[in-house]
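Participant: My structure is in entry34.cif, and what it holds is mmCIF, C-alpha atoms and all ligand atoms:
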data_query
loop_
_atom_site.label_atom_id
_atom_site.label_comp_id
_atom_site.auth_asym_id
_atom_site.auth_seq_id
_atom_site.Cartn_x
_atom_site.Cartn_y
_atom_site.Cartn_z
CA MET A 149 -115.91 -99.47 132.53
CA ALA A 150 -116.71 -101.97 135.28
CA GLY A 151 -114.31 -102.71 138.12
CA VAL A 152 -115.16 -99.80 140.41
CA LEU A 153 -116.82 -101.80 143.20
CA SER A 154 -114.98 -104.54 145.06
CA ASP A 155 -116.20 -108.14 145.02
CA GLU A 156 -117.31 -107.65 148.64
CA GLN A 157 -119.30 -104.55 147.77
CA ILE A 158 -121.01 -106.29 144.84
CA GLU A 159 -121.79 -109.25 147.09
CA GLN A 160 -123.15 -106.94 149.78
CA PHE A 161 -125.41 -105.20 147.25
CA HIS A 162 -126.99 -108.45 146.10
CA ARG A 163 -127.21 -109.92 149.61
CA ASP A 164 -128.38 -106.89 151.61
CA GLY A 165 -129.89 -104.66 148.93
CA PHE A 166 -127.32 -101.94 149.51
CA ALA A 167 -123.58 -101.43 149.27
CA VAL A 168 -121.47 -98.93 151.20
CA VAL A 169 -118.52 -97.57 149.21
CA THR A 170 -116.23 -95.28 151.19
CA ASP A 171 -113.85 -92.70 149.69
CA MET A 172 -115.86 -92.27 146.50
CA VAL A 173 -115.99 -88.45 146.57
CA GLY A 174 -112.96 -86.36 147.44
CA PRO A 175 -112.99 -83.16 149.53
CA GLU A 176 -112.63 -80.83 146.54
CA GLN A 177 -115.54 -82.48 144.70
CA ARG A 178 -117.66 -82.28 147.83
CA ARG A 179 -116.84 -78.61 148.27
CA GLN A 180 -117.78 -77.86 144.64
CA LEU A 181 -121.15 -79.58 144.93
CA MET A 182 -121.97 -77.94 148.26
CA GLU A 183 -121.01 -74.47 147.02
CA ARG A 184 -123.04 -74.94 143.87
CA ALA A 185 -126.09 -76.10 145.84
CA VAL A 186 -125.97 -73.05 148.10
CA ALA A 187 -125.54 -70.80 145.03
CA ILE A 188 -128.61 -72.35 143.38
CA VAL A 189 -130.62 -71.62 146.52
CA ASP A 190 -129.29 -68.06 146.77
CA GLU A 191 -130.17 -67.38 143.11
CA TRP A 192 -133.58 -68.98 143.38
CA GLN A 193 -136.54 -66.62 143.47
CA PRO A 194 -139.73 -68.68 143.64
CA THR A 195 -142.67 -67.42 141.65
CA GLY A 196 -146.02 -67.98 143.27
CA ALA A 197 -146.30 -70.47 146.08
CA GLN A 198 -143.28 -71.55 148.08
CA THR A 199 -143.25 -75.30 147.80
CA VAL A 200 -142.79 -77.46 150.88
CA PHE A 201 -141.53 -81.00 150.56
CA THR A 202 -142.63 -83.51 153.14
CA THR A 203 -143.17 -87.22 152.89
CA GLN A 204 -145.70 -87.10 155.72
CA GLU A 205 -148.52 -85.39 153.87
CA GLN A 206 -148.29 -86.73 150.37
CA GLU A 207 -150.77 -84.30 148.86
CA ARG A 208 -148.42 -81.45 149.64
CA THR A 209 -145.79 -82.95 147.37
CA SER A 210 -148.21 -83.46 144.49
CA ASN A 211 -148.65 -79.91 143.33
CA ARG A 212 -147.72 -78.49 139.95
CA GLU A 213 -144.23 -77.48 141.05
CA PHE A 214 -143.43 -81.00 142.20
CA LEU A 215 -144.97 -82.72 139.18
CA SER A 216 -143.06 -80.52 136.75
CA SER A 217 -139.76 -80.72 138.63
CA GLY A 218 -138.58 -83.82 136.77
CA SER A 219 -137.35 -81.49 134.04
CA ASN A 220 -136.49 -78.50 136.22
CA ILE A 221 -134.35 -77.35 139.10
CA TRP A 222 -136.69 -76.47 141.96
CA CYS A 223 -136.01 -75.71 145.62
CA PHE A 224 -138.43 -77.30 148.09
CA PHE A 225 -138.73 -75.85 151.58
CA GLU A 226 -138.62 -77.73 154.85
CA ALA A 227 -142.04 -78.12 156.48
CA GLU A 228 -140.72 -76.45 159.64
CA ALA A 229 -138.99 -73.58 157.79
CA PHE A 230 -141.80 -71.07 158.39
CA ASP A 231 -143.16 -69.43 161.51
CA GLU A 232 -146.86 -68.91 162.25
CA HIS A 233 -146.87 -65.77 160.12
CA GLY A 234 -145.46 -67.61 157.12
CA GLU A 235 -142.05 -66.00 157.45
CA LEU A 236 -138.81 -67.95 157.30
CA ARG A 237 -137.39 -68.66 160.76
CA GLN A 238 -133.83 -68.79 159.42
CA ALA A 239 -131.83 -67.83 156.32
CA LYS A 240 -133.13 -69.20 153.00
CA HIS A 241 -130.13 -71.46 152.48
CA LEU A 242 -130.89 -73.06 155.87
CA SER A 243 -134.59 -73.49 155.01
CA ILE A 244 -134.49 -75.72 151.92
CA ASN A 245 -135.25 -79.44 152.18
CA LYS A 246 -133.95 -80.35 148.75
CA ILE A 247 -133.17 -79.24 145.22
CA GLY A 248 -134.70 -81.40 142.48
CA HIS A 249 -134.97 -83.12 140.18
CA ALA A 250 -133.02 -82.49 136.93
CA GLN A 251 -129.88 -80.66 138.01
CA HIS A 252 -127.85 -83.62 136.73
CA ASP A 253 -128.81 -82.52 133.21
CA LEU A 254 -129.40 -78.78 133.62
CA ASP A 255 -126.54 -77.65 135.85
CA PRO A 256 -122.93 -78.02 134.65
CA VAL A 257 -121.48 -78.74 138.11
CA PHE A 258 -123.96 -81.51 138.89
CA SER A 259 -123.76 -82.85 135.33
CA ALA A 260 -119.98 -83.13 135.55
CA PHE A 261 -120.27 -85.00 138.84
CA THR A 262 -122.96 -87.36 137.56
CA TYR A 263 -121.73 -88.52 134.16
CA THR A 264 -118.41 -90.10 135.06
CA ASP A 265 -116.60 -93.32 134.26
CA ASP A 266 -116.57 -94.18 137.97
CA LEU A 267 -120.32 -93.97 138.39
CA ALA A 268 -121.04 -95.74 135.10
CA GLY A 269 -118.56 -98.40 136.19
CA ALA A 270 -120.22 -98.83 139.58
CA ALA A 271 -123.58 -99.25 137.85
CA ALA A 272 -122.11 -101.80 135.46
CA ASP A 273 -120.62 -103.71 138.40
CA ILE A 274 -124.11 -104.41 139.72
CA GLY A 275 -125.47 -105.33 136.28
CA MET A 276 -126.69 -101.96 135.01
CA THR A 277 -124.72 -101.60 131.81
CA ASP A 278 -127.43 -99.40 130.23
CA ALA A 279 -128.16 -97.04 133.14
CA LEU A 280 -130.09 -93.85 132.37
CA ALA A 281 -129.82 -90.95 134.83
CA LEU A 282 -133.47 -90.31 135.68
CA GLN A 283 -133.62 -88.12 138.78
CA SER A 284 -131.29 -86.19 141.04
CA MET A 285 -131.76 -84.59 144.44
CA TYR A 286 -129.56 -82.40 146.55
CA ILE A 287 -130.68 -83.09 150.12
CA PHE A 288 -129.75 -80.58 152.84
CA LYS A 289 -131.10 -82.31 155.98
CA GLN A 290 -130.89 -78.91 157.64
CA PRO A 291 -129.74 -78.51 161.25
CA GLY A 292 -132.69 -78.54 163.63
CA ILE A 293 -135.48 -78.88 161.02
CA GLY A 294 -134.26 -81.45 158.45
CA GLY A 295 -137.41 -83.50 157.93
CA GLU A 296 -137.89 -87.25 158.39
CA VAL A 297 -138.22 -89.27 155.18
CA GLY A 298 -140.72 -92.04 155.83
CA CYS A 299 -139.82 -95.68 155.17
CA HIS A 300 -140.25 -96.36 151.45
CA GLN A 301 -139.03 -98.30 148.44
CA ASP A 302 -137.69 -96.13 145.61
CA GLY A 303 -139.54 -98.31 143.09
CA THR A 304 -142.78 -96.83 144.43
CA PHE A 305 -141.83 -93.41 143.08
CA LEU A 306 -139.76 -94.35 140.01
CA TYR A 307 -141.30 -97.46 138.49
CA THR A 308 -140.13 -99.47 135.52
CA ASP A 309 -141.22 -102.86 134.19
CA PRO A 310 -139.23 -104.84 135.17
CA LEU A 311 -138.22 -102.86 138.25
CA THR A 312 -134.72 -101.46 137.73
CA VAL A 313 -134.48 -98.21 139.69
CA THR A 314 -131.22 -98.01 141.60
CA GLY A 315 -130.13 -95.23 143.92
CA PHE A 316 -126.63 -93.77 144.18
CA TRP A 317 -126.48 -91.67 147.36
CA PHE A 318 -123.41 -89.62 148.16
CA ALA A 319 -122.63 -88.32 151.65
CA LEU A 320 -121.19 -84.82 151.22
CA GLU A 321 -120.94 -84.48 155.00
CA ASP A 322 -120.62 -87.12 157.71
CA ALA A 323 -123.95 -88.91 158.19
CA THR A 324 -124.55 -89.96 161.80
CA LEU A 325 -127.33 -91.05 164.12
CA ASP A 326 -127.55 -87.45 165.34
CA ASN A 327 -128.00 -85.71 162.00
CA GLY A 328 -130.37 -88.12 160.26
CA CYS A 329 -128.30 -90.79 158.51
CA LEU A 330 -129.88 -93.36 156.18
CA TRP A 331 -131.33 -96.52 157.71
CA ALA A 332 -132.12 -99.67 155.69
CA ALA A 333 -133.56 -103.17 156.13
CA PRO A 334 -130.84 -105.63 155.05
CA GLY A 335 -132.21 -108.31 152.72
CA ALA A 336 -135.70 -106.79 152.56
CA HIS A 337 -135.18 -105.93 148.87
CA ARG A 338 -136.16 -109.53 148.14
CA ALA A 339 -139.76 -108.81 149.22
CA PRO A 340 -142.22 -107.35 146.68
CA LEU A 341 -142.81 -103.74 145.80
CA ARG A 342 -145.72 -102.62 148.01
CA LYS A 343 -147.22 -99.71 146.09
CA VAL A 344 -146.77 -97.32 143.20
CA PHE A 345 -147.23 -93.54 143.12
CA LYS A 346 -149.10 -92.46 139.99
CA ARG A 347 -149.81 -89.13 138.41
CA LEU A 348 -153.48 -88.79 137.37
CA GLY A 349 -152.84 -86.71 134.25
CA ASP A 350 -151.02 -83.49 133.52
CA ASP A 351 -149.06 -81.48 136.08
CA ASP A 352 -152.28 -80.09 137.61
CA ALA A 353 -154.08 -83.41 137.98
CA GLY A 354 -152.54 -84.69 141.23
CA THR A 355 -151.44 -88.18 142.20
CA GLU A 356 -152.55 -91.37 143.92
CA PHE A 357 -151.02 -94.52 145.41
CA ASP A 358 -151.95 -97.97 144.04
CA VAL A 359 -151.31 -100.85 146.44
CA LEU A 360 -149.61 -103.83 144.80
CA ASP A 361 -148.94 -105.90 147.93
CA PRO A 362 -150.51 -105.16 151.34
CA THR A 363 -147.57 -106.55 153.36
CA PRO A 364 -146.43 -103.71 155.65
CA LEU A 365 -142.96 -102.28 155.18
CA PRO A 366 -140.54 -102.88 158.05
CA ASP A 367 -141.05 -100.62 161.07
CA ALA A 368 -138.58 -97.76 161.44
CA PRO A 369 -136.26 -97.65 163.14
CA GLN A 370 -136.51 -100.98 164.98
CA ASP A 371 -136.44 -103.23 161.90
CA LEU A 372 -133.69 -101.23 160.17
CA VAL A 373 -129.96 -100.72 160.65
CA PRO A 374 -128.31 -97.27 160.61
CA LEU A 375 -125.85 -96.49 157.84
CA GLU A 376 -123.53 -94.07 159.61
CA VAL A 377 -120.97 -93.13 156.98
CA PRO A 378 -118.20 -90.54 156.64
CA ALA A 379 -118.30 -87.75 154.07
CA GLY A 380 -117.29 -89.03 150.64
CA THR A 381 -119.13 -92.34 150.95
CA MET A 382 -121.45 -93.64 148.22
CA VAL A 383 -124.36 -95.89 149.19
CA VAL A 384 -125.92 -97.90 146.36
CA LEU A 385 -129.56 -98.84 146.99
CA ASP A 386 -131.70 -101.49 145.33
CA GLY A 387 -135.06 -100.06 144.20
CA ARG A 388 -136.99 -102.53 146.39
CA LEU A 389 -134.96 -101.88 149.55
CA PRO A 390 -137.01 -100.27 152.36
CA HIS A 391 -135.10 -97.30 153.76
CA TRP A 392 -135.78 -94.34 156.04
CA SER A 393 -134.10 -91.35 157.60
CA ASP A 394 -134.96 -89.55 160.81
CA VAL A 395 -135.52 -85.88 161.47
CA ASN A 396 -132.32 -83.92 162.11
CA ARG A 397 -132.58 -82.19 165.49
CA SER A 398 -128.82 -81.73 165.77
CA GLY A 399 -126.95 -78.53 165.09
CA ARG A 400 -125.14 -80.07 162.09
CA SER A 401 -126.44 -80.41 158.54
CA ARG A 402 -126.18 -83.65 156.58
CA HIS A 403 -125.84 -82.70 152.92
CA ALA A 404 -126.14 -85.50 150.36
CA TYR A 405 -126.50 -85.84 146.60
CA SER A 406 -128.73 -88.61 145.35
CA LEU A 407 -129.09 -89.96 141.81
CA HIS A 408 -131.65 -92.50 140.66
CA CYS A 409 -131.00 -94.52 137.52
CA ILE A 410 -133.12 -96.94 135.50
CA SER A 411 -132.28 -99.45 132.81
CA ALA A 412 -132.75 -98.20 129.24
CA ALA A 413 -134.19 -101.61 128.31
CA ALA A 414 -137.02 -101.41 130.85
CA ASP A 415 -140.43 -99.87 130.18
CA TYR A 416 -141.03 -96.51 131.92
CA PRO A 417 -144.81 -95.99 132.16
CA ASP A 418 -146.25 -92.57 131.42
CA TRP A 419 -148.08 -92.61 134.76
CA ASN A 420 -144.82 -92.12 136.65
CA TRP A 421 -144.97 -88.72 138.38
CA LEU A 422 -141.62 -87.79 136.82
CA GLN A 423 -141.94 -87.16 133.11
CA ARG A 424 -139.40 -85.55 130.82
CA PRO A 425 -140.28 -83.59 127.69
CA SER A 426 -138.98 -84.85 124.36
CA ASP A 427 -136.45 -82.01 124.17
CA LEU A 428 -134.82 -83.19 127.42
CA PRO A 429 -134.29 -86.93 126.86
CA LEU A 430 -132.75 -89.14 129.52
CA ARG A 431 -129.04 -89.75 129.02
CA ARG A 432 -126.91 -92.78 129.64
CA LEU A 433 -124.48 -92.67 132.54
CA ASP A 434 -121.74 -94.11 130.35
CA ARG A 435 -122.28 -91.35 127.72
CA SER A 436 -122.45 -93.98 124.95
CA ASP A 437 -125.45 -92.13 123.50
CA ARG A 438 -123.40 -89.05 122.70
CA ALA A 439 -121.48 -88.27 119.54
FE FE2 B 1 -135.39 -93.26 148.73
#
Output the file's structure in the form of C-alpha cells.

Facilitator:
Amino acid sequence: MAGVLSDEQIEQFHRDGFAVVTDMVGPEQRRQLMERAVAIVDEWQPTGAQTVFTTQEQERTSNREFLSSGSNIWCFFEAEAFDEHGELRQAKHLSINKIGHAQHDLDPVFSAFTYTDDLAGAAADIGMTDALALQSMYIFKQPGIGGEVGCHQDGTFLYTDPLTVTGFWFALEDATLDNGCLWAAPGAHRAPLRKVFKRLGDDDAGTEFDVLDPTPLPDAPQDLVPLEVPAGTMVVLDGRLPHWSDVNRSGRSRHAYSLHCISAAADYPDWNWLQRPSDLPLRRLDRSDRA
C-alpha cells in the first residue's frame, strides 16, 4: 500500500520532522467532513458541565469528560466562548474548540475518511506499516476566538515505548498566518521528548506532567516556521516535533481534522490519559485486522 508520498516528502519528513502533502483531500471530502462536524455539534446536548478545552491551564483539560473522551465523541468549548454571565457569545457551532477523540471509530463519516488505502500507504511510506488509529480531533479554530495551542511534542500526550506517535493533520480550509496555521521547528524532532502527561488513576483522578528532559522547547513563534497551506493539504508530524498554533483573531475559521497513530508493536502504557475499553479496541489503518 506504500507509494503515496513522494521521495521528496519522505525525505522532508525524516529531515525536518514534518512533511507537507498538498492535494490530499478533495473538495467533496472536505465538505462532507465539515458538514458532519457541524451536525455533531448541533446534535450535541452536554449533560452537566460544559467542558472548555485550553492548553494554557492544563487542569481544565483534565476533568472526567476529557479523560473519558478517548472512547467517546465530545465537544469541547473555546475558553472565550462564554460571556461574564456564562452565556455563549455566539452560536454553538461557532463556540466549539474541538470534537474528540474517537470519532474515527464511532462516526461513519470520520471512519470512512480515516481508514483508507491512501492514509495507510502514507503511514507505510514513513515506516509505519502497523499503524493503529489512536486519537482523532476535529479542530474548528473559530473566527475571533480560536484558542492558541501552546508549543508541544505530541509524544508528551500520546506516549509509547519506543516513541512512535505520528500525526496526520488535514487542512479542511486554507491555513494562513491570519487564522492560526500550524508552526513547527524544522529538525527539532531529533531532540529528546521533554515531558509526559500522565493520568493518576481512573477518569476522576486527574493528571500530572513528568519531566524527562529539562531542555526548554523552542520559543514560539521566533524559533518556528509557519506552515501556511491550502485546503486539502495533509501535514505529517513526527511525535517529537515541537509545534504550535496561534490564536485566531481573524474573521475566518481554520477547520482541520487531525489523526494520531501509534505502532502496534510499541508498548502503550496504561498511564496514558487516553485509554480505550476492551470493547473498543484500536484498529489498524490498513484494516488488516478485519475479517
Ligand atoms: Fe500536536

Participant: Name each residue within 7 Å of ligand FE2 1 (chain B), counting only C-alpha atoms and all ligand atoms, as a PyMOL selection string.

Facilitator: chain A and resi 300-302+391

Participant: Selected residues, C-alpha atoms, written as a PDB file, in the coordinates of the input, please.

Facilitator:
ATOM      1  CA  HIS A 300    -140.250 -96.360 151.450  1.00  0.00           C
ATOM      2  CA  GLN A 301    -139.030 -98.300 148.440  1.00  0.00           C
ATOM      3  CA  ASP A 302    -137.690 -96.130 145.610  1.00  0.00           C
ATOM      4  CA  HIS A 391    -135.100 -97.300 153.760  1.00  0.00           C
TER       5      HIS A 391
END

Participant: Got a sec to check which residues sit within 6 Å of (-130.4, -102.5, 148.5), counting all atoms listed in the file, and write them as a PyMOL selection string?

Facilitator: chain A and resi 161+164-166+337+385-386+389

Participant: Which is closer to Pro291 of chain A than all the others in A:Asn211, A:Thr264, A:Asn396, A:Gln251, using all atoms listed in the file?

Facilitator: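 Once distances to Pro291 of chain A are computed over all atoms listed in the file, the minimum belongs to A:Asn396.
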
Participant: In terms of the shortest atom-to-atom distance over all atoms listed in the file, which of A:Leu306, A:Val313, A:Ala323, A:Met182 is closest to Val384 of chain A?

Facilitator: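 Of A:Leu306, A:Val313, A:Ala323, A:Met182, the one nearest Val384 of chain A, counting all atoms listed in the file, is A:Val313.
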
Participant: From the options A:Leu311, A:Val344, A:Leu428, A:Ala270, which residue's atoms come nearest to Ser411 of chain A, counting all atoms listed in the file?

Facilitator: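 Of A:Leu311, A:Val344, A:Leu428, A:Ala270, the one nearest Ser411 of chain A, counting all atoms listed in the file, is A:Leu311.
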
Participant: Please provide the set of residues having any atom within 6 Å of segment 274-287 of chain A, restricted to all atoms listed in the file, with same-chain residues fewer than 3 positions apart removed, written as a ChimeraX atom specification.

Facilitator: /A:246-250,271,403-412,431-433

Participant: Please report as a Markdown table every residue of segment 240-358 of chain A lying within 7 Å of segment 379-383 of chain A, along with the nearest atom pair and their distance in Å (one decimal), using all atoms listed in the file.

Facilitator:
| residue | atom | partner | partner_atom | distance |
| --- | --- | --- | --- | --- |
| A:Phe316 | CA | A:Val383 | CA | 5.9 |
| A:Trp317 | CA | A:Val383 | CA | 5.1 |
| A:Phe318 | CA | A:Met382 | CA | 4.5 |
| A:Ala319 | CA | A:Ala379 | CA | 5.0 |
| A:Leu320 | CA | A:Ala379 | CA | 5.0 |
| A:Glu321 | CA | A:Ala379 | CA | 4.3 |
| A:Asp322 | CA | A:Ala379 | CA | 4.4 |

Participant: Keeping only C-alpha atoms, write the selected residues to a file as a PDB file, in the frame of the given file.

Facilitator:
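Wrote part.pdb, looks like this:
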ATOM      1  CA  PHE A 316    -126.630 -93.770 144.180  1.00  0.00           C
ATOM      2  CA  TRP A 317    -126.480 -91.670 147.360  1.00  0.00           C
ATOM      3  CA  PHE A 318    -123.410 -89.620 148.160  1.00  0.00           C
ATOM      4  CA  ALA A 319    -122.630 -88.320 151.650  1.00  0.00           C
ATOM      5  CA  LEU A 320    -121.190 -84.820 151.220  1.00  0.00           C
ATOM      6  CA  GLU A 321    -120.940 -84.480 155.000  1.00  0.00           C
ATOM      7  CA  ASP A 322    -120.620 -87.120 157.710  1.00  0.00           C
TER       8      ASP A 322
END

Participant: For the atom pair atom CA of Phe258 of chain A and atom CA of Asp352 of chain A, what is the interatomic distance in Å to one decimal place?

Facilitator: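 Atom CA of Asp352 of chain A lies 28.4 Å from atom CA of Phe258 of chain A.
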
Participant: Go ahead and compute the interatomic distance for atom CA of Ile293 of chain A and atom CA of Trp331 of chain A, in Å to one decimal.

Facilitator: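 Going from atom CA of Ile293 of chain A over to atom CA of Trp331 of chain A covers 18.4 Å.
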
Participant: Of the residues A:Pro364, A:Pro175, A:Gly295, A:Gly218, which is the one nearest to Trp421 of chain A, using all atoms listed in the file?

Facilitator: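 Smallest distance to Trp421 of chain A is found for A:Gly218.
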
Participant: For Ala187 of chain A, please output as number ranges by chain all residues within 12 Å (counting all atoms listed in the file; exclusion window: fewer than 5 positions along the same chain).

Facilitator: A: 180-182, 192-193, 223, 240-241, 247, 255, 257

Participant: Have a look at atom CA of Ala368 of chain A and atom CA of Pro340 of chain A and let me know their distance in Å, one decimal.

Facilitator: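 Interatomic distance, atom CA of Ala368 of chain A to atom CA of Pro340 of chain A: 18.0 Å.
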
Participant: Using only C-alpha atoms, find all polymer residues with an atom at most 6 Å away from the point (-146.4, -89.0, 136.8); report them as a PyMOL selection string.

Facilitator: chain A and resi 346-347+419-422
